[in-house]
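Student: Input: one structure, supplied below.
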Amino acid sequence: MIRKATLFALLSGAPSLLHAQSAHDMHDMATMPPVAPAANASMDAMPHDMVGMDHAMAMRGLLGQYGMTREASGTSWQPESSPMMGVMVPAGDWMAMVQGSATLVTDHQGGPRGSDKTFSQSMLMGMASHPIGDRGTLGLRAMVSLDALMGRRGYPLLFATGETANGREELVDRQHPHDLFMELAASYAHDLGNGRGLYLYAGLPGEPALGPPAFMHRISGMDDPEAPITHHWFDSTHITFGVVTAGFSTATWKIEGSAFKGREPDQRRWDLESPKLDSWSVRAFWNPTANVSFQVSTGYLHSPEQLHPDQNEQRTTASVSYNRLLGNGSNWASTIAWARKDERPGPALTGWLAETSLRLRRRHILFARAEHVQEAELFDSGPLHHDVIPVSKLSTGYAYELPVGKAPVRLALGGVASAYAYPDRIKPAYGRAGVKSFMLFARLRLADAIG
Ligand SMILES: [Cu+2]
């Protein structure tokens, strides 16, 4: 996390990105409350000695007239008080930022269907914006991942389903790797005045207007090295090969619609896939205060699964995220989300998720995630094939985070443990009782600390 103070320092022409001292000098500024949306959501309201008018423009979001900390993955919103992630890069009259993390994980999933694996997860994202005329903003985003190094079968994760490793079998009790290209997107935003604006976003790949911000990009979820087992209920569309989104926003709410490719990425994770616009979604966000973000969305996914090409899906989600800066490098972020997948033809499957992450004094990170989901893909044959099976999972974790020298990089060392509840009829497959899993991890993240 880069502290807002560091950001101001960099924008004000601090000579070196690696000059960590500035963060300490401006510690008090870092605990400043975030910009209130009601104040026209701009930095203009700030005292002039903190950030000049020129730089105020650079702090705005890519897609609208509000602080850039409101923007999460794709075109999604999060609470504007969310800590700034990443490192600002001086780039002439462009505003540019880099985000990234790399995590080494040792994974043990318990019970007869569990297994062990050590693997790496990674993400590097660059974003840049440039004004066009008086009222326009051009935005560019590129995000890559080396997750595919873990192999096509991804990593063991009990009760995770979705996508395929070989084009023939479903991945079950495994989390698929993410594609090398997670996002290559461009946007144009047009300021209509009074905090209102229109925007257009296109990506190959990109993220359509469906679901809450993707788990690895939302503050409440990014500390947990596990993917949620509800990933294919909420945010599995975060890498979609072909997306066009248009939206309208005000200071506190927005509505947007997407046309996109319904098919999930295939098992070849290193390539770009051909685009299509055969699916649609609509989504609304309401951020009534800097600390809260509500989301509702629904989308039609045409033939999402390569192994069930005749099946379509209507996916509906609702979520609320809450973030609070606690001062002294502490922050508390939480998300509660609900989703329903109507498989057509097929069952209607509900998923719930609640997660929270508490960071204390830039050192201690406590996080937890609870999920409840109706699964229909755990058994690909036998009497339980296509049975709808309710599964609950609870994960709790801790990490100790420390700076790495004077670089804007933080090292976190931590672990997460998970326990489950599931019906008797699947106990022969998953274990009688007390199945537990854990992961130990070491993560480097490009970031300073929380404001
Ligand atoms: Cu994913």
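Residue numbering restarts at 1 for every chain of the structure tokens, chains are lettered A, B, ... in their displayed order, and ligands are numbered from 1 as they appear.
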Could the residues that lie within 9 Å of ligand 1, counting only C-alpha atoms and all ligand atoms, be listed as JSON, numbers by chain?
Tutor: {"A": [175, 176, 177, 178, 179, 214, 215, 216, 227, 231, 232, 235, 236, 237, 238, 239]}
Student: Could you please take those selected residues and save all heavy atoms as a CSV table (one decimal), in the first residue's frame?
Tutor:
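What follows is the written file selection-v3.csv:
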chain,number,residue,atom,x,y,z
A,175,GLN,N,-7.8,-25.0,-8.0
A,175,GLN,CA,-8.1,-23.6,-8.5
A,175,GLN,C,-7.2,-23.5,-9.7
A,175,GLN,O,-6.0,-23.7,-9.7
A,175,GLN,CB,-7.7,-22.6,-7.4
A,175,GLN,CG,-7.5,-21.2,-8.0
A,175,GLN,CD,-8.8,-20.6,-8.5
A,175,GLN,OE1,-9.9,-20.9,-8.0
A,175,GLN,NE2,-8.7,-19.8,-9.6
A,176,HIS,N,-7.9,-23.1,-10.8
A,176,HIS,CA,-7.1,-22.9,-12.1
A,176,HIS,C,-6.1,-21.8,-12.0
A,176,HIS,O,-6.3,-20.8,-11.3
A,176,HIS,CB,-8.1,-22.7,-13.2
A,176,HIS,CG,-8.9,-21.4,-13.1
A,176,HIS,ND1,-8.4,-20.2,-13.4
A,176,HIS,CD2,-10.2,-21.1,-12.6
A,176,HIS,CE1,-9.3,-19.2,-13.1
A,176,HIS,NE2,-10.3,-19.8,-12.6
A,177,PRO,N,-5.1,-21.9,-12.8
A,177,PRO,CA,-4.1,-20.8,-12.9
A,177,PRO,C,-4.7,-19.6,-13.7
A,177,PRO,O,-5.6,-19.9,-14.6
A,177,PRO,CB,-2.9,-21.4,-13.7
A,177,PRO,CG,-3.5,-22.5,-14.5
A,177,PRO,CD,-4.7,-23.0,-13.7
A,178,HIS,N,-4.3,-18.4,-13.5
A,178,HIS,CA,-4.8,-17.3,-14.3
A,178,HIS,C,-3.9,-17.1,-15.5
A,178,HIS,O,-2.7,-17.6,-15.6
A,178,HIS,CB,-4.8,-16.0,-13.5
A,178,HIS,CG,-5.9,-16.0,-12.5
A,178,HIS,ND1,-5.7,-16.1,-11.1
A,178,HIS,CD2,-7.2,-16.1,-12.7
A,178,HIS,CE1,-6.9,-16.1,-10.5
A,178,HIS,NE2,-7.8,-16.1,-11.4
A,179,ASP,N,-4.5,-16.5,-16.5
A,179,ASP,CA,-3.8,-16.4,-17.8
A,179,ASP,C,-2.6,-15.3,-17.7
A,179,ASP,O,-2.7,-14.4,-16.9
A,179,ASP,CB,-4.8,-15.9,-18.9
A,179,ASP,CG,-5.7,-17.0,-19.3
A,179,ASP,OD1,-6.5,-17.4,-18.4
A,179,ASP,OD2,-5.7,-17.4,-20.4
A,214,ALA,N,-12.8,-8.1,-8.3
A,214,ALA,CA,-12.2,-9.4,-8.2
A,214,ALA,C,-11.4,-9.6,-6.9
A,214,ALA,O,-10.8,-8.7,-6.4
A,214,ALA,CB,-11.3,-9.7,-9.4
A,215,PHE,N,-11.4,-10.9,-6.4
A,215,PHE,CA,-10.9,-11.1,-5.1
A,215,PHE,C,-9.5,-10.7,-4.9
A,215,PHE,O,-9.1,-10.2,-3.8
A,215,PHE,CB,-11.1,-12.6,-4.7
A,215,PHE,CG,-10.1,-13.6,-5.5
A,215,PHE,CD1,-8.9,-13.9,-4.9
A,215,PHE,CD2,-10.5,-14.1,-6.7
A,215,PHE,CE1,-8.1,-14.8,-5.6
A,215,PHE,CE2,-9.7,-15.0,-7.4
A,215,PHE,CZ,-8.5,-15.3,-6.8
A,216,MET,N,-8.6,-10.8,-5.9
A,216,MET,CA,-7.2,-10.4,-5.6
A,216,MET,C,-7.0,-8.9,-5.7
A,216,MET,O,-5.9,-8.5,-5.5
A,216,MET,CB,-6.3,-11.2,-6.6
A,216,MET,CG,-6.4,-10.8,-8.0
A,216,MET,SD,-7.7,-11.7,-8.8
A,216,MET,CE,-6.8,-13.1,-9.3
A,227,ALA,N,-7.8,-18.6,-3.5
A,227,ALA,CA,-9.0,-18.1,-4.2
A,227,ALA,C,-10.2,-18.5,-3.5
A,227,ALA,O,-10.3,-19.5,-2.8
A,227,ALA,CB,-9.0,-18.7,-5.6
A,231,HIS,N,-15.5,-18.3,-6.4
A,231,HIS,CA,-14.9,-17.5,-7.5
A,231,HIS,C,-15.8,-17.6,-8.7
A,231,HIS,O,-16.0,-16.6,-9.3
A,231,HIS,CB,-13.5,-18.1,-7.8
A,231,HIS,CG,-12.7,-17.2,-8.8
A,231,HIS,ND1,-12.8,-15.9,-8.9
A,231,HIS,CD2,-11.8,-17.6,-9.8
A,231,HIS,CE1,-12.0,-15.4,-9.8
A,231,HIS,NE2,-11.4,-16.5,-10.4
A,232,HIS,N,-16.4,-18.8,-9.0
A,232,HIS,CA,-17.2,-18.9,-10.2
A,232,HIS,C,-18.6,-18.5,-10.0
A,232,HIS,O,-19.5,-18.6,-10.8
A,232,HIS,CB,-17.1,-20.3,-10.8
A,232,HIS,CG,-15.7,-20.4,-11.6
A,232,HIS,ND1,-15.6,-20.3,-12.9
A,232,HIS,CD2,-14.5,-20.6,-11.1
A,232,HIS,CE1,-14.4,-20.4,-13.3
A,232,HIS,NE2,-13.6,-20.6,-12.2
A,235,ASP,N,-16.8,-13.6,-9.4
A,235,ASP,CA,-15.8,-12.8,-10.1
A,235,ASP,C,-15.0,-13.5,-11.1
A,235,ASP,O,-13.9,-13.1,-11.5
A,235,ASP,CB,-14.9,-12.0,-9.1
A,235,ASP,CG,-14.4,-12.9,-8.0
A,235,ASP,OD1,-14.6,-14.1,-8.1
A,235,ASP,OD2,-13.9,-12.4,-7.0
A,236,SER,N,-15.5,-14.7,-11.5
A,236,SER,CA,-14.7,-15.5,-12.4
A,236,SER,C,-14.6,-14.9,-13.8
A,236,SER,O,-13.7,-15.2,-14.6
A,236,SER,CB,-15.3,-16.9,-12.6
A,236,SER,OG,-16.6,-16.8,-13.1
A,237,THR,N,-15.4,-13.9,-14.1
A,237,THR,CA,-15.3,-13.2,-15.4
A,237,THR,C,-14.2,-12.1,-15.4
A,237,THR,O,-14.1,-11.4,-16.4
A,237,THR,CB,-16.7,-12.5,-15.7
A,237,THR,OG1,-17.1,-11.7,-14.6
A,237,THR,CG2,-17.8,-13.5,-16.0
A,238,HIS,N,-13.4,-12.0,-14.3
A,238,HIS,CA,-12.4,-10.9,-14.3
A,238,HIS,C,-11.4,-11.0,-15.4
A,238,HIS,O,-10.8,-10.0,-15.7
A,238,HIS,CB,-11.7,-10.9,-12.9
A,238,HIS,CG,-10.9,-12.0,-12.6
A,238,HIS,ND1,-9.6,-11.9,-12.2
A,238,HIS,CD2,-11.1,-13.4,-12.6
A,238,HIS,CE1,-9.0,-13.1,-12.0
A,238,HIS,NE2,-10.0,-14.0,-12.1
A,239,ILE,N,-11.2,-12.2,-16.0
A,239,ILE,CA,-10.4,-12.3,-17.2
A,239,ILE,C,-11.3,-12.8,-18.3
A,239,ILE,O,-11.7,-14.0,-18.4
A,239,ILE,CB,-9.2,-13.3,-17.1
A,239,ILE,CG1,-8.4,-12.8,-15.9
A,239,ILE,CG2,-8.4,-13.4,-18.3
A,239,ILE,CD1,-7.3,-13.8,-15.5
Student: Sorted by chain and rising residue number, which residues of region 273-341 of chain A lie within 12 Å of region 240-254 of chain A, and what are their closest atom pairs and distances in Å to one decimal, counting only C-alpha atoms, as a tab-separated table?
Tutor:
residue	atom	partner	partner_atom	distance
A:Glu273	CA	A:Phe241	CA	6.0
A:Ser274	CA	A:Phe241	CA	6.7
A:Pro275	CA	A:Gly242	CA	4.4
A:Lys276	CA	A:Gly242	CA	5.8
A:Leu277	CA	A:Gly242	CA	6.6
A:Asp278	CA	A:Gly242	CA	9.6
A:Ser279	CA	A:Val243	CA	9.4
A:Trp280	CA	A:Val243	CA	9.4
A:Ser281	CA	A:Thr245	CA	9.1
A:Val282	CA	A:Thr245	CA	9.3
A:Arg283	CA	A:Lys254	CA	8.3
A:Ala284	CA	A:Lys254	CA	5.6
A:Phe285	CA	A:Lys254	CA	5.3
A:Trp286	CA	A:Trp253	CA	4.3
A:Asn287	CA	A:Thr252	CA	5.0
A:Pro288	CA	A:Thr252	CA	5.6
A:Thr289	CA	A:Thr252	CA	7.7
A:Ala290	CA	A:Thr252	CA	9.2
A:Asn291	CA	A:Thr252	CA	11.7
A:Val292	CA	A:Thr252	CA	10.4
A:Ser293	CA	A:Trp253	CA	9.2
A:Phe294	CA	A:Trp253	CA	9.2
A:Gln295	CA	A:Trp253	CA	9.7
A:Val296	CA	A:Lys254	CA	10.9
A:Ser297	CA	A:Lys254	CA	11.8
A:Leu301	CA	A:Thr240	CA	11.0
A:Pro304	CA	A:Thr240	CA	10.4
Student: Taking only residues of region 340-361 of chain A that have an atom at most 7 Å from an atom of region 217-223 of chain A, what is each one's shortest atom pair and its distance in Å to one decimal, using only C-alpha atoms, in chain and number order, as JSON lines?
Tutor:
{"residue": "A:Glu355", "atom": "CA", "partner": "A:Ser220", "partner_atom": "CA", "distance": 6.2}
{"residue": "A:Thr356", "atom": "CA", "partner": "A:Ser220", "partner_atom": "CA", "distance": 5.1}
{"residue": "A:Ser357", "atom": "CA", "partner": "A:Ser220", "partner_atom": "CA", "distance": 5.0}
Student: Give me a file of those residues, with N, CA, C and O atoms, as a PDB file, in the first residue's frame.
Tutor:
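Okay, this is what ended up in result24.pdb:
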ATOM      1  N   GLU A 355     -15.987 -11.665   4.072  1.00  0.00           N
ATOM      2  CA  GLU A 355     -14.548 -11.671   4.336  1.00  0.00           C
ATOM      3  C   GLU A 355     -14.147 -10.359   4.978  1.00  0.00           C
ATOM      4  O   GLU A 355     -14.805  -9.324   4.794  1.00  0.00           O
ATOM      5  N   THR A 356     -13.069 -10.419   5.737  1.00  0.00           N
ATOM      6  CA  THR A 356     -12.610  -9.217   6.426  1.00  0.00           C
ATOM      7  C   THR A 356     -11.100  -9.252   6.547  1.00  0.00           C
ATOM      8  O   THR A 356     -10.491 -10.336   6.586  1.00  0.00           O
ATOM      9  N   SER A 357     -10.495  -8.095   6.536  1.00  0.00           N
ATOM     10  CA  SER A 357      -9.044  -7.989   6.678  1.00  0.00           C
ATOM     11  C   SER A 357      -8.735  -6.786   7.560  1.00  0.00           C
ATOM     12  O   SER A 357      -9.145  -5.666   7.264  1.00  0.00           O
TER      13      SER A 357
END
Student: Rank A:Gly126, A:Gly61, A:Pro131, A:Gly327 by their smallest atom-to-atom distance to Gly86 (chain A), using only C-alpha atoms, and report the top residue only.
Tutor: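 Distance minimum relative to Gly86 (chain A) lands on A:Gly126.
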Student: Hey, what's within 9 Å of region 343-346 of chain A if we count only C-alpha atoms and toss same-chain stuff fewer than 4 positions away? As a PDB file with N, CA, C and O atoms, in the first residue's frame, please?
Tutor:
ATOM      1  N   ASP A 310     -23.499 -26.499 -24.285  1.00  0.00           N
ATOM      2  CA  ASP A 310     -24.926 -26.236 -24.485  1.00  0.00           C
ATOM      3  C   ASP A 310     -25.573 -25.539 -23.288  1.00  0.00           C
ATOM      4  O   ASP A 310     -26.770 -25.285 -23.291  1.00  0.00           O
ATOM      5  N   GLN A 311     -24.796 -25.289 -22.278  1.00  0.00           N
ATOM      6  CA  GLN A 311     -25.345 -24.693 -21.064  1.00  0.00           C
ATOM      7  C   GLN A 311     -24.989 -23.201 -21.015  1.00  0.00           C
ATOM      8  O   GLN A 311     -23.835 -22.818 -21.212  1.00  0.00           O
ATOM      9  N   ASN A 312     -26.013 -22.375 -20.750  1.00  0.00           N
ATOM     10  CA  ASN A 312     -25.796 -20.947 -20.556  1.00  0.00           C
ATOM     11  C   ASN A 312     -26.018 -20.624 -19.084  1.00  0.00           C
ATOM     12  O   ASN A 312     -26.405 -21.482 -18.302  1.00  0.00           O
ATOM     13  N   GLU A 313     -25.781 -19.389 -18.737  1.00  0.00           N
ATOM     14  CA  GLU A 313     -25.895 -19.043 -17.313  1.00  0.00           C
ATOM     15  C   GLU A 313     -26.413 -17.625 -17.151  1.00  0.00           C
ATOM     16  O   GLU A 313     -25.975 -16.717 -17.862  1.00  0.00           O
ATOM     17  N   GLN A 314     -27.354 -17.454 -16.229  1.00  0.00           N
ATOM     18  CA  GLN A 314     -27.739 -16.116 -15.786  1.00  0.00           C
ATOM     19  C   GLN A 314     -27.170 -15.954 -14.385  1.00  0.00           C
ATOM     20  O   GLN A 314     -27.472 -16.732 -13.491  1.00  0.00           O
ATOM     21  N   ARG A 315     -26.328 -14.978 -14.203  1.00  0.00           N
ATOM     22  CA  ARG A 315     -25.648 -14.781 -12.919  1.00  0.00           C
ATOM     23  C   ARG A 315     -26.070 -13.441 -12.331  1.00  0.00           C
ATOM     24  O   ARG A 315     -25.993 -12.417 -13.005  1.00  0.00           O
ATOM     25  N   HIS A 386     -24.129 -34.234 -10.525  1.00  0.00           N
ATOM     26  CA  HIS A 386     -25.126 -33.155 -10.668  1.00  0.00           C
ATOM     27  C   HIS A 386     -26.052 -33.004  -9.475  1.00  0.00           C
ATOM     28  O   HIS A 386     -27.003 -32.229  -9.532  1.00  0.00           O
TER      29      HIS A 386
END
Student: Find the nearest atom pair between each residue of region 122-161 of chain A and region 190-212 of chain A for residues within 8 Å, count only C-alpha atoms, give distances in Å to one decimal, sort rows by chain and ascending number, and present the table as a Markdown table.
Tutor:
| residue | atom | partner | partner_atom | distance |
| --- | --- | --- | --- | --- |
| A:Arg135 | CA | A:Asp191 | CA | 5.0 |
| A:Gly136 | CA | A:His190 | CA | 4.6 |
| A:Thr137 | CA | A:His190 | CA | 6.6 |
Student: In Å to one decimal, how far is CA of Phe438 (chain A) from CA of Pro156 (chain A)?
Tutor: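 Between CA of Pro156 (chain A) and CA of Phe438 (chain A) the gap works out to 10.7 Å.
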Student: Can you tell me, as a VMD selection string, what residues are no more than 7 Å from His108 (chain A) when counting only C-alpha atoms, ignoring any on the same chain fewer than 5 positions away?
Tutor: chain A and resid 115 to 117 437 to 439
Student: Store the residues picked out above in a file with C-alpha atoms, as a PDB file, in the first residue's frame.
Tutor:
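File written: again.pdb
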ATOM      1  CA  SER A 115      -3.148 -32.945  -1.894  1.00  0.00           C
ATOM      2  CA  ASP A 116      -0.039 -30.838  -1.439  1.00  0.00           C
ATOM      3  CA  LYS A 117       1.751 -28.398  -3.696  1.00  0.00           C
ATOM      4  CA  SER A 437      -6.272 -27.415   5.099  1.00  0.00           C
ATOM      5  CA  PHE A 438      -3.591 -24.809   5.424  1.00  0.00           C
ATOM      6  CA  MET A 439      -1.272 -22.636   3.384  1.00  0.00           C
TER       7      MET A 439
END
Student: I need the residues in region 81-323 of chain A that are helix (DSSP H, G or I) according to DSSP; give them as an NGL selection string.
Tutor: :A and (147-150 or 231-234 or 236-238)
Student: With N, CA and C atoms retained, write the just-selected residues as a PDB file, in the first residue's frame.
Tutor:
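Result went into result.pdb, see below:
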ATOM      1  N   ASP A 147       1.088 -16.907 -13.069  1.00  0.00           N
ATOM      2  CA  ASP A 147       0.407 -18.031 -12.408  1.00  0.00           C
ATOM      3  C   ASP A 147       0.553 -19.329 -13.195  1.00  0.00           C
ATOM      4  N   ALA A 148       0.603 -19.211 -14.519  1.00  0.00           N
ATOM      5  CA  ALA A 148       0.626 -20.416 -15.351  1.00  0.00           C
ATOM      6  C   ALA A 148       1.860 -21.267 -15.099  1.00  0.00           C
ATOM      7  N   LEU A 149       2.875 -20.681 -14.458  1.00  0.00           N
ATOM      8  CA  LEU A 149       4.048 -21.480 -14.078  1.00  0.00           C
ATOM      9  C   LEU A 149       3.675 -22.621 -13.137  1.00  0.00           C
ATOM     10  N   MET A 150       2.536 -22.506 -12.459  1.00  0.00           N
ATOM     11  CA  MET A 150       2.143 -23.568 -11.513  1.00  0.00           C
ATOM     12  C   MET A 150       1.609 -24.801 -12.249  1.00  0.00           C
ATOM     13  N   HIS A 231     -15.451 -18.340  -6.355  1.00  0.00           N
ATOM     14  CA  HIS A 231     -14.897 -17.530  -7.453  1.00  0.00           C
ATOM     15  C   HIS A 231     -15.805 -17.570  -8.690  1.00  0.00           C
ATOM     16  N   HIS A 232     -16.358 -18.755  -9.006  1.00  0.00           N
ATOM     17  CA  HIS A 232     -17.194 -18.858 -10.205  1.00  0.00           C
ATOM     18  C   HIS A 232     -18.643 -18.455  -9.959  1.00  0.00           C
ATOM     19  N   TRP A 233     -18.910 -17.901  -8.796  1.00  0.00           N
ATOM     20  CA  TRP A 233     -20.215 -17.287  -8.540  1.00  0.00           C
ATOM     21  C   TRP A 233     -20.133 -15.757  -8.647  1.00  0.00           C
ATOM     22  N   PHE A 234     -18.981 -15.220  -8.241  1.00  0.00           N
ATOM     23  CA  PHE A 234     -18.888 -13.761  -8.135  1.00  0.00           C
ATOM     24  C   PHE A 234     -18.032 -13.110  -9.216  1.00  0.00           C
ATOM     25  N   SER A 236     -15.473 -14.728 -11.497  1.00  0.00           N
ATOM     26  CA  SER A 236     -14.670 -15.522 -12.435  1.00  0.00           C
ATOM     27  C   SER A 236     -14.576 -14.860 -13.799  1.00  0.00           C
ATOM     28  N   THR A 237     -15.419 -13.860 -14.072  1.00  0.00           N
ATOM     29  CA  THR A 237     -15.341 -13.167 -15.369  1.00  0.00           C
ATOM     30  C   THR A 237     -14.243 -12.099 -15.387  1.00  0.00           C
ATOM     31  N   HIS A 238     -13.411 -12.032 -14.327  1.00  0.00           N
ATOM     32  CA  HIS A 238     -12.412 -10.947 -14.294  1.00  0.00           C
ATOM     33  C   HIS A 238     -11.405 -11.035 -15.423  1.00  0.00           C
TER      34      HIS A 238
END
Student: Between A:Gly154, A:Pro265, A:Gly414, A:Pro79, which has the minimum distance to Pro213 (chain A) (counting only C-alpha atoms)?
Tutor: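 Checking each of A:Gly154, A:Pro265, A:Gly414, A:Pro79 against Pro213 (chain A), counting only C-alpha atoms, the winner is A:Pro79.
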Student: So the first atom is CA of Gly111 (chain A) and the second is CA of Leu440 (chain A); what is the distance between them in Å, to one decimal place?
Tutor: 18.1 Å
Student: Can you tell me, as an MDAnalysis selection string, which residues in region 188-396 of chain A count as strand (DSSP E) by DSSP?
Tutor: chainID A and resid 188:193 196:203 243:249 253:260 279:286 292:301 312:327 330:344 348:360 364:375 389:396
